[in-house]
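For reference, entry-v6.cif is printed below; it contains mmCIF, C-alpha atoms and all ligand atoms.
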data_structure
#
loop_
_atom_site.label_atom_id
_atom_site.label_comp_id
_atom_site.auth_asym_id
_atom_site.auth_seq_id
_atom_site.Cartn_x
_atom_site.Cartn_y
_atom_site.Cartn_z
CA MET A 1 138.66 87.64 77.10
CA LEU A 2 136.68 90.75 76.24
CA LEU A 3 133.95 89.66 78.63
CA SER A 4 136.38 89.23 81.50
CA TYR A 5 137.85 92.61 80.80
CA ARG A 6 134.48 94.30 80.86
CA ILE A 7 133.45 92.95 84.23
CA VAL A 8 136.87 93.46 85.85
CA ARG A 9 136.94 97.00 84.59
CA ALA A 10 133.58 97.59 86.23
CA ARG A 11 135.05 96.41 89.52
CA ALA A 12 138.13 98.57 89.21
CA VAL A 13 136.60 102.00 88.58
CA PRO A 14 134.03 104.02 90.52
CA TRP A 15 130.57 103.58 89.08
CA THR A 16 130.35 107.21 88.07
CA ARG A 17 133.32 106.69 85.74
CA SER A 18 132.11 103.41 84.29
CA PRO A 19 131.46 103.71 80.54
CA TRP A 20 128.33 101.64 81.08
CA VAL A 21 127.00 104.12 83.62
CA ARG A 22 127.87 107.03 81.38
CA ARG A 23 125.92 105.36 78.58
CA SER A 24 123.00 104.75 80.92
CA ILE A 25 123.00 108.38 82.00
CA VAL A 26 122.96 109.52 78.37
CA VAL A 27 120.05 107.18 77.65
CA LEU A 28 118.29 108.42 80.78
CA LEU A 29 118.63 112.02 79.68
CA LEU A 30 117.28 111.13 76.25
CA CYS A 31 114.37 109.32 77.93
CA CYS A 32 113.64 112.37 80.08
CA VAL A 33 113.72 114.68 77.06
CA GLY A 34 111.71 112.38 74.82
CA ALA A 35 109.13 111.10 77.29
CA GLY A 36 108.74 113.95 79.71
CA CYS A 37 110.74 112.05 82.37
CA SER A 38 108.12 109.38 82.94
CA GLY A 39 110.15 107.85 85.76
CA LEU A 40 110.31 104.49 84.06
CA GLY A 41 114.05 104.76 83.60
CA PRO A 42 116.22 103.88 80.67
CA THR A 43 116.46 100.58 78.90
CA LEU A 44 119.31 99.02 80.81
CA SER A 45 121.99 96.83 79.41
CA GLY A 46 124.54 94.76 81.20
CA HIS A 47 122.36 91.84 82.13
CA ARG A 48 121.60 88.61 80.39
CA GLY A 49 118.47 87.58 78.62
CA SER A 50 117.30 88.10 75.08
CA GLY A 51 115.71 91.43 74.42
CA HIS A 52 116.92 93.02 77.64
CA GLY A 53 120.43 94.18 76.92
CA ASP A 54 122.70 95.15 74.12
CA SER A 55 124.72 92.00 74.67
CA ALA A 56 123.58 88.59 75.83
CA ASP A 57 127.01 87.95 77.31
CA GLU A 58 127.22 90.75 79.86
CA ALA A 59 126.82 90.41 83.60
CA LEU A 60 124.52 92.65 85.61
CA GLU A 61 126.81 95.25 87.12
CA GLN A 62 124.28 97.79 88.34
CA GLY A 63 120.55 98.11 88.81
CA ASN A 64 118.25 100.88 87.73
CA PRO A 65 120.07 104.20 88.29
CA VAL A 66 116.82 106.12 88.76
CA ARG A 67 115.83 104.01 91.77
CA ARG A 68 117.37 104.68 95.16
CA GLU A 69 118.05 101.06 95.93
CA ILE A 70 121.00 98.90 96.84
CA ALA A 71 121.73 95.18 96.55
CA LEU A 72 124.04 93.85 99.26
CA THR A 73 125.85 90.76 97.99
CA ILE A 74 128.04 88.51 100.12
CA ASP A 75 130.44 86.05 98.50
CA ASP A 76 132.52 82.96 99.23
CA GLY A 77 130.63 81.44 102.16
CA PRO A 78 129.09 80.25 104.15
CA HIS A 79 131.95 80.56 106.61
CA GLU A 80 131.00 80.05 110.22
CA PRO A 81 130.48 81.77 112.56
CA ILE A 82 130.62 84.86 110.34
CA ALA A 83 127.72 83.91 108.07
CA ARG A 84 125.46 83.43 111.09
CA GLN A 85 126.60 86.78 112.49
CA PHE A 86 125.76 88.41 109.15
CA LEU A 87 122.29 86.88 109.28
CA ASP A 88 121.78 88.17 112.83
CA ILE A 89 122.72 91.71 111.73
CA LEU A 90 120.54 91.58 108.62
CA ARG A 91 117.57 90.36 110.67
CA ALA A 92 118.07 93.08 113.28
CA GLU A 93 118.27 95.74 110.55
CA GLY A 94 115.35 94.32 108.55
CA VAL A 95 117.52 94.02 105.44
CA ARG A 96 117.64 91.24 102.85
CA ALA A 97 120.82 90.38 100.99
CA THR A 98 122.01 88.03 98.26
CA PHE A 99 124.55 85.36 99.20
CA PHE A 100 126.70 83.85 96.45
CA VAL A 101 127.68 80.55 98.02
CA VAL A 102 130.39 77.99 97.26
CA GLY A 103 129.10 74.42 97.01
CA LYS A 104 131.80 72.81 99.12
CA ARG A 105 131.10 75.27 101.95
CA VAL A 106 127.36 74.77 101.62
CA ARG A 107 127.98 71.07 102.31
CA GLU A 108 129.93 72.01 105.45
CA HIS A 109 127.21 74.37 106.73
CA PRO A 110 123.88 73.42 105.18
CA GLY A 111 121.87 74.75 108.10
CA VAL A 112 122.98 78.32 107.59
CA VAL A 113 121.99 78.18 103.90
CA ALA A 114 118.55 76.93 104.89
CA ARG A 115 118.34 79.86 107.30
CA MET A 116 119.31 82.32 104.52
CA VAL A 117 116.44 81.15 102.34
CA GLY A 118 114.05 80.90 105.28
CA GLU A 119 114.71 84.51 106.27
CA GLY A 120 114.02 85.86 102.78
CA HIS A 121 117.54 86.27 101.49
CA GLU A 122 118.50 85.21 98.00
CA VAL A 123 121.08 82.50 97.36
CA GLY A 124 123.10 82.46 94.15
CA SER A 125 125.85 80.20 92.87
CA HIS A 126 129.53 80.98 93.29
CA THR A 127 130.42 77.55 91.80
CA ALA A 128 131.23 74.24 93.50
CA THR A 129 134.85 74.88 94.45
CA HIS A 130 135.51 78.53 93.52
CA GLN A 131 137.27 77.75 90.25
CA ARG A 132 137.92 80.47 87.72
CA LEU A 133 135.58 79.55 84.91
CA ASP A 134 137.74 80.96 82.11
CA THR A 135 140.38 78.32 82.88
CA LEU A 136 138.03 75.32 82.59
CA THR A 137 136.69 73.13 79.80
CA GLU A 138 132.98 73.25 79.07
CA VAL A 139 132.43 69.98 80.91
CA ARG A 140 134.22 71.24 83.99
CA ILE A 141 132.32 74.53 83.92
CA ARG A 142 129.09 72.58 83.91
CA ALA A 143 130.36 70.39 86.76
CA GLN A 144 131.07 73.55 88.78
CA LEU A 145 127.50 74.69 88.30
CA VAL A 146 125.92 71.32 89.03
CA GLY A 147 128.13 70.75 92.09
CA CYS A 148 126.89 73.96 93.70
CA GLU A 149 123.29 73.26 92.65
CA GLU A 150 123.35 69.84 94.28
CA ALA A 151 124.76 71.23 97.53
CA VAL A 152 122.09 73.94 97.73
CA ARG A 153 119.34 71.50 96.81
CA ALA A 154 120.49 69.17 99.60
CA ALA A 155 120.68 72.06 102.08
CA CYS A 156 117.31 73.67 101.45
CA GLY A 157 115.51 72.06 98.50
CA ARG A 158 115.85 75.16 96.33
CA ARG A 159 117.53 75.99 93.06
CA MET A 160 119.36 79.12 91.95
CA ASN A 161 119.15 81.33 88.90
CA LEU A 162 121.97 83.77 89.65
CA LEU A 163 125.67 83.06 89.11
CA ARG A 164 128.63 85.15 90.13
CA PRO A 165 131.77 83.77 88.46
CA PRO A 166 134.68 83.58 90.95
CA GLY A 167 137.12 86.42 90.45
CA ALA A 168 134.69 87.84 87.87
CA ARG A 169 136.46 85.57 85.40
CA TYR A 170 134.45 84.09 82.60
CA ASN A 171 134.62 83.74 78.85
CA ALA A 172 132.13 83.18 76.04
CA THR A 173 131.98 79.43 76.74
CA ALA A 174 131.23 79.98 80.42
CA ALA A 175 128.61 82.59 79.60
CA ARG A 176 126.89 80.21 77.18
CA VAL A 177 126.97 77.25 79.59
CA ALA A 178 125.57 79.43 82.35
CA GLU A 179 122.81 80.74 80.11
CA GLU A 180 121.88 77.23 78.99
CA ALA A 181 121.64 76.23 82.65
CA GLY A 182 119.27 79.14 83.31
CA TYR A 183 121.61 81.52 85.10
CA HIS A 184 121.90 85.28 84.97
CA LEU A 185 125.48 86.44 85.49
CA VAL A 186 125.95 88.98 88.26
CA GLY A 187 128.91 91.31 88.73
CA TRP A 188 129.08 94.28 91.05
CA THR A 189 129.33 98.05 91.18
CA VAL A 190 131.15 98.65 94.48
CA ALA A 191 133.79 96.33 95.95
CA ALA A 192 134.89 96.54 99.58
CA LYS A 193 137.95 94.40 98.70
CA ASP A 194 137.52 92.57 102.00
CA PHE A 195 138.67 89.23 100.57
CA VAL A 196 141.86 90.03 102.45
CA GLU A 197 141.78 91.22 106.06
CA VAL A 198 141.38 95.00 106.14
CA PRO A 199 140.18 97.35 108.91
CA SER A 200 136.43 97.82 109.20
CA ASP A 201 136.85 101.59 108.80
CA LEU A 202 138.42 101.02 105.39
CA ILE A 203 135.61 98.65 104.35
CA VAL A 204 133.00 101.25 105.32
CA ASP A 205 134.90 104.04 103.58
CA ARG A 206 135.36 102.09 100.37
CA VAL A 207 131.66 101.31 100.13
CA LEU A 208 130.30 104.71 101.06
CA ALA A 209 132.75 106.53 98.79
CA SER A 210 131.45 104.85 95.64
CA VAL A 211 127.85 103.89 96.29
CA GLY A 212 124.97 105.26 94.22
CA ASN A 213 121.50 104.45 92.93
CA GLY A 214 121.29 100.82 91.84
CA SER A 215 124.68 99.86 93.26
CA ILE A 216 125.50 96.20 93.79
CA ILE A 217 127.83 96.08 96.79
CA LEU A 218 130.29 93.19 97.06
CA LEU A 219 131.27 91.96 100.52
CA HIS A 220 132.83 88.68 101.70
CA ASP A 221 132.18 86.60 104.79
CA ASP A 222 135.83 85.68 105.37
CA TYR A 223 136.87 88.09 108.13
CA PRO A 224 135.36 89.57 111.33
CA GLU A 225 136.18 93.11 110.22
CA THR A 226 133.36 92.85 107.69
CA VAL A 227 130.97 91.85 110.46
CA THR A 228 131.91 95.07 112.27
CA ALA A 229 131.51 97.10 109.09
CA LEU A 230 128.16 95.68 107.98
CA PRO A 231 125.78 97.46 110.39
CA ARG A 232 127.66 100.73 109.88
CA ILE A 233 127.24 100.43 106.11
CA ILE A 234 123.54 99.54 106.40
CA ARG A 235 122.72 102.38 108.79
CA ALA A 236 124.65 104.96 106.75
CA LEU A 237 122.87 103.93 103.56
CA LYS A 238 119.49 103.97 105.31
CA ARG A 239 120.20 107.53 106.45
CA GLN A 240 120.93 108.41 102.82
CA GLY A 241 117.53 107.10 101.83
CA TYR A 242 118.52 103.86 100.16
CA ARG A 243 116.25 100.82 100.12
CA PHE A 244 117.76 97.33 100.16
CA VAL A 245 116.69 94.77 97.57
CA THR A 246 117.82 91.34 96.48
CA VAL A 247 119.44 90.93 93.08
CA SER A 248 116.31 89.35 91.58
CA GLU A 249 114.29 92.33 92.84
CA MET A 250 116.86 94.63 91.27
CA LEU A 251 116.46 92.76 87.96
CA ALA A 252 112.69 93.21 88.21
CA HIS A 253 113.20 96.97 88.45
CA LEU A 254 115.05 97.23 85.14
CA SER A 255 113.27 98.46 82.07
CA PRO A 256 112.21 96.14 80.59
CA PRO A 257 112.14 94.08 83.78
CA VAL A 258 113.65 90.63 84.18
CA ARG A 259 111.30 88.48 86.23
CA LEU A 260 112.92 85.74 88.29
CA GLU A 261 111.42 83.63 91.02
CA ARG A 262 113.78 83.84 93.98
CA ASN A 263 115.18 80.38 94.76
CA PRO A 264 112.26 78.32 93.50
CA PRO A 265 111.84 74.70 94.61
CA ALA A 266 114.44 72.38 93.09
CA PRO A 267 113.39 69.44 90.95
CA GLU A 268 113.61 66.12 92.76
CA GLU A 269 116.17 64.75 90.34
CA PRO A 270 118.97 67.17 89.42
CA ILE A 271 120.27 67.33 85.87
CA PRO A 272 123.49 65.32 85.81
CA ALA A 273 126.69 66.98 84.73
CA LEU A 274 128.32 65.75 81.54
CA VAL A 275 131.46 63.77 82.23
CA GLU A 276 134.51 63.76 80.05
CA PRO A 277 135.92 60.30 79.31
CA GLY A 278 138.01 59.12 82.24
CA GLU A 279 137.09 62.03 84.46
CA ALA A 280 135.05 62.42 87.60
CA SER A 281 132.08 64.78 87.32
CA GLN A 282 133.55 67.23 89.83
CA PRO A 283 137.10 68.56 89.65
ZN ZN B 1 134.72 84.55 95.41
#

Before we go any further, please render this structure as structure tokens.
Ligand SMILES: [Zn+2]
Amino acid sequence: MLLSYRIVRARAVPWTRSPWVRRSIVVLLLCCVGAGCSGLGPTLSGHRGSGHGDSADEALEQGNPVRREIALTIDDGPHEPIARQFLDILRAEGVRATFFVVGKRVREHPGVVARMVGEGHEVGSHTATHQRLDTLTEVRIRAQLVGCEEAVRAACGRRMNLLRPPGARYNATAARVAEEAGYHLVGWTVAAKDFVEVPSDLIVDRVLASVGNGSIILLHDDYPETVTALPRIIRALKRQGYRFVTVSEMLAHLSPPVRLERNPPAPEEPIPALVEPGEASQP
């Protein structure tokens, strides 16, 4: 419950008011005083992995605040034709993003997922059927992970090592199952709240009002208004001097860095999900 609260709170407040960011700024100042501002940045928490954060159960909510970089993340797809339109815009702008895909939609549009990987974007899991992980048994959580893994493996022969829990809902069990399966949990810093249909002007305003160094921006590929907003967001952030990175690149820029291979080749035989007696492996 505490874990869910932490990540939802990060979504609900501007990054400058996040307690995590405040703590990072304090640590940064101490680093600057103590090390002559070496430029290496503070030791960042909020991401998974032993020895990298102050809690192994926290999701990455922001990258390195001393680096002028942004991670664009796009959830819930792929929906067509919007996902393809997103890819066209990203290619035209020379920007790479991270797509958190839903397994059942990957099976409907495998070609667009193959294109994402082929064009240098990162693909992460958003579960098999967009279930809230804090409502599921351990077996069903694992089935949600494996279901998405199998869909992505079938689409492009790759595996994933990033997981964004739907609705930012997860508990200690979900965090442990995800860690055992090799995932890093990913939250966000700035939400456009475009999971409902809102005007593109509002999407642009919401993002630009809250963005900062190391921001993870959350967009969705559900509505055309986001397609209209995307190039405006990218161009405005370019003018402000931001560089676009994938989430695994953002992890590599933490101190100490977390090194992940972006969508490495999948094993030929996937690890089967555990099945509860009398249940199918996928809910
Ligand atoms: Zn979602």

Which neighbours of A:Thr189 fall inside 6 Å, counting only C-alpha atoms, when residues of the same chain fewer than 4 positions from it are skipped, and could you give them as an NGL selection string?
:A and (61-62 or 215-216)

With C-alpha atoms retained, write the just-selected residues as an mmCIF file, in the frame of the given file.
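As a result, result.cif now contains:
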data_model
loop_
_atom_site.group_PDB
_atom_site.id
_atom_site.type_symbol
_atom_site.label_atom_id
_atom_site.label_comp_id
_atom_site.auth_asym_id
_atom_site.auth_seq_id
_atom_site.Cartn_x
_atom_site.Cartn_y
_atom_site.Cartn_z
ATOM 1 C CA GLU A 61 126.810 95.250 87.120
ATOM 2 C CA GLN A 62 124.280 97.790 88.340
ATOM 3 C CA SER A 215 124.680 99.860 93.260
ATOM 4 C CA ILE A 216 125.500 96.200 93.790
#

At a cut-off of 12 Å around ligand ZN 1 (chain B), and using all atoms listed in the file, what residues come up? Please write them as JSON, numbers by chain.
{"A": [73, 74, 75, 76, 77, 78, 99, 100, 101, 102, 103, 105, 124, 125, 126, 127, 128, 129, 130, 131, 132, 133, 163, 164, 165, 166, 167, 168, 169, 187, 191, 193, 194, 195, 196, 218, 219, 220, 221, 222]}

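Distances here use all atoms listed in the file; by that measure, the residue among A:Val117, A:Ala192, A:Leu260, A:Val66 closest to A:Leu87 is A:Val117.
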
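If you measure from each of A:Leu208, A:Met250, A:Val113, A:Val186 to A:Arg232 using only C-alpha atoms, the closest one turns out to be A:Leu208.
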
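For the residues A:Ala266, A:Leu162, A:Ala71, A:Ala154, ranking by smallest atom-to-atom distance to A:Glu179 using all atoms listed in the file places A:Leu162 first.
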
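Our summary of the geometry notes that atom CA of A:Val106 is positioned 10.7 Å from atom CA of A:Glu80.
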
Complete stretch 159-182 of chain A at the level of N, CA, C and O atoms, written as a PDB file, in the coordinates of the input.
ATOM      1  N   ARG A 159     116.547  75.814  94.124  1.00  0.00           N
ATOM      2  CA  ARG A 159     117.530  75.990  93.060  1.00  0.00           C
ATOM      3  C   ARG A 159     117.864  77.467  92.909  1.00  0.00           C
ATOM      4  O   ARG A 159     117.226  78.323  93.539  1.00  0.00           O
ATOM      5  N   MET A 160     118.852  77.751  92.094  1.00  0.00           N
ATOM      6  CA  MET A 160     119.360  79.120  91.950  1.00  0.00           C
ATOM      7  C   MET A 160     119.260  79.550  90.489  1.00  0.00           C
ATOM      8  O   MET A 160     119.322  78.707  89.592  1.00  0.00           O
ATOM      9  N   ASN A 161     119.117  80.835  90.270  1.00  0.00           N
ATOM     10  CA  ASN A 161     119.150  81.330  88.900  1.00  0.00           C
ATOM     11  C   ASN A 161     120.086  82.532  88.734  1.00  0.00           C
ATOM     12  O   ASN A 161     120.007  83.247  87.743  1.00  0.00           O
ATOM     13  N   LEU A 162     120.941  82.738  89.728  1.00  0.00           N
ATOM     14  CA  LEU A 162     121.970  83.770  89.650  1.00  0.00           C
ATOM     15  C   LEU A 162     123.333  83.112  89.792  1.00  0.00           C
ATOM     16  O   LEU A 162     123.499  82.197  90.604  1.00  0.00           O
ATOM     17  N   LEU A 163     124.302  83.584  89.030  1.00  0.00           N
ATOM     18  CA  LEU A 163     125.670  83.060  89.110  1.00  0.00           C
ATOM     19  C   LEU A 163     126.655  84.209  89.136  1.00  0.00           C
ATOM     20  O   LEU A 163     126.601  85.092  88.269  1.00  0.00           O
ATOM     21  N   ARG A 164     127.514  84.207  90.136  1.00  0.00           N
ATOM     22  CA  ARG A 164     128.630  85.150  90.130  1.00  0.00           C
ATOM     23  C   ARG A 164     129.913  84.355  89.895  1.00  0.00           C
ATOM     24  O   ARG A 164     130.345  83.584  90.758  1.00  0.00           O
ATOM     25  N   PRO A 165     130.541  84.522  88.743  1.00  0.00           N
ATOM     26  CA  PRO A 165     131.770  83.770  88.460  1.00  0.00           C
ATOM     27  C   PRO A 165     132.883  84.186  89.430  1.00  0.00           C
ATOM     28  O   PRO A 165     133.114  85.388  89.621  1.00  0.00           O
ATOM     29  N   PRO A 166     133.586  83.224  90.045  1.00  0.00           N
ATOM     30  CA  PRO A 166     134.680  83.580  90.950  1.00  0.00           C
ATOM     31  C   PRO A 166     135.713  84.470  90.279  1.00  0.00           C
ATOM     32  O   PRO A 166     136.108  84.220  89.134  1.00  0.00           O
ATOM     33  N   GLY A 167     136.135  85.492  90.996  1.00  0.00           N
ATOM     34  CA  GLY A 167     137.120  86.420  90.450  1.00  0.00           C
ATOM     35  C   GLY A 167     136.599  87.230  89.290  1.00  0.00           C
ATOM     36  O   GLY A 167     137.374  87.895  88.605  1.00  0.00           O
ATOM     37  N   ALA A 168     135.292  87.170  89.039  1.00  0.00           N
ATOM     38  CA  ALA A 168     134.690  87.840  87.870  1.00  0.00           C
ATOM     39  C   ALA A 168     135.288  87.344  86.575  1.00  0.00           C
ATOM     40  O   ALA A 168     135.312  88.052  85.577  1.00  0.00           O
ATOM     41  N   ARG A 169     135.791  86.125  86.571  1.00  0.00           N
ATOM     42  CA  ARG A 169     136.460  85.570  85.400  1.00  0.00           C
ATOM     43  C   ARG A 169     135.526  84.635  84.654  1.00  0.00           C
ATOM     44  O   ARG A 169     135.105  83.615  85.190  1.00  0.00           O
ATOM     45  N   TYR A 170     135.200  85.001  83.448  1.00  0.00           N
ATOM     46  CA  TYR A 170     134.450  84.090  82.600  1.00  0.00           C
ATOM     47  C   TYR A 170     134.718  84.455  81.151  1.00  0.00           C
ATOM     48  O   TYR A 170     135.229  85.534  80.851  1.00  0.00           O
ATOM     49  N   ASN A 171     134.434  83.510  80.279  1.00  0.00           N
ATOM     50  CA  ASN A 171     134.620  83.740  78.850  1.00  0.00           C
ATOM     51  C   ASN A 171     133.319  83.393  78.133  1.00  0.00           C
ATOM     52  O   ASN A 171     132.295  83.123  78.778  1.00  0.00           O
ATOM     53  N   ALA A 172     133.362  83.412  76.808  1.00  0.00           N
ATOM     54  CA  ALA A 172     132.130  83.180  76.040  1.00  0.00           C
ATOM     55  C   ALA A 172     131.572  81.782  76.313  1.00  0.00           C
ATOM     56  O   ALA A 172     130.348  81.597  76.383  1.00  0.00           O
ATOM     57  N   THR A 173     132.453  80.797  76.472  1.00  0.00           N
ATOM     58  CA  THR A 173     131.980  79.430  76.740  1.00  0.00           C
ATOM     59  C   THR A 173     131.258  79.390  78.085  1.00  0.00           C
ATOM     60  O   THR A 173     130.164  78.825  78.212  1.00  0.00           O
ATOM     61  N   ALA A 174     131.857  79.979  79.095  1.00  0.00           N
ATOM     62  CA  ALA A 174     131.230  79.980  80.420  1.00  0.00           C
ATOM     63  C   ALA A 174     129.900  80.720  80.400  1.00  0.00           C
ATOM     64  O   ALA A 174     128.916  80.278  81.015  1.00  0.00           O
ATOM     65  N   ALA A 175     129.856  81.828  79.680  1.00  0.00           N
ATOM     66  CA  ALA A 175     128.610  82.590  79.600  1.00  0.00           C
ATOM     67  C   ALA A 175     127.512  81.759  78.933  1.00  0.00           C
ATOM     68  O   ALA A 175     126.359  81.757  79.370  1.00  0.00           O
ATOM     69  N   ARG A 176     127.889  81.024  77.893  1.00  0.00           N
ATOM     70  CA  ARG A 176     126.890  80.210  77.180  1.00  0.00           C
ATOM     71  C   ARG A 176     126.413  79.050  78.061  1.00  0.00           C
ATOM     72  O   ARG A 176     125.212  78.776  78.159  1.00  0.00           O
ATOM     73  N   VAL A 177     127.354  78.371  78.719  1.00  0.00           N
ATOM     74  CA  VAL A 177     126.970  77.250  79.590  1.00  0.00           C
ATOM     75  C   VAL A 177     126.059  77.741  80.713  1.00  0.00           C
ATOM     76  O   VAL A 177     125.051  77.101  81.052  1.00  0.00           O
ATOM     77  N   ALA A 178     126.398  78.884  81.277  1.00  0.00           N
ATOM     78  CA  ALA A 178     125.570  79.430  82.350  1.00  0.00           C
ATOM     79  C   ALA A 178     124.180  79.781  81.847  1.00  0.00           C
ATOM     80  O   ALA A 178     123.171  79.491  82.505  1.00  0.00           O
ATOM     81  N   GLU A 179     124.110  80.379  80.680  1.00  0.00           N
ATOM     82  CA  GLU A 179     122.810  80.740  80.110  1.00  0.00           C
ATOM     83  C   GLU A 179     121.973  79.500  79.840  1.00  0.00           C
ATOM     84  O   GLU A 179     120.774  79.455  80.130  1.00  0.00           O
ATOM     85  N   GLU A 180     122.611  78.470  79.279  1.00  0.00           N
ATOM     86  CA  GLU A 180     121.880  77.230  78.990  1.00  0.00           C
ATOM     87  C   GLU A 180     121.352  76.585  80.271  1.00  0.00           C
ATOM     88  O   GLU A 180     120.324  75.907  80.258  1.00  0.00           O
ATOM     89  N   ALA A 181     122.074  76.796  81.367  1.00  0.00           N
ATOM     90  CA  ALA A 181     121.640  76.230  82.650  1.00  0.00           C
ATOM     91  C   ALA A 181     120.647  77.157  83.373  1.00  0.00           C
ATOM     92  O   ALA A 181     120.225  76.856  84.495  1.00  0.00           O
ATOM     93  N   GLY A 182     120.295  78.271  82.744  1.00  0.00           N
ATOM     94  CA  GLY A 182     119.270  79.140  83.310  1.00  0.00           C
ATOM     95  C   GLY A 182     119.763  80.217  84.239  1.00  0.00           C
ATOM     96  O   GLY A 182     118.968  80.792  84.999  1.00  0.00           O
TER      97      GLY A 182
END
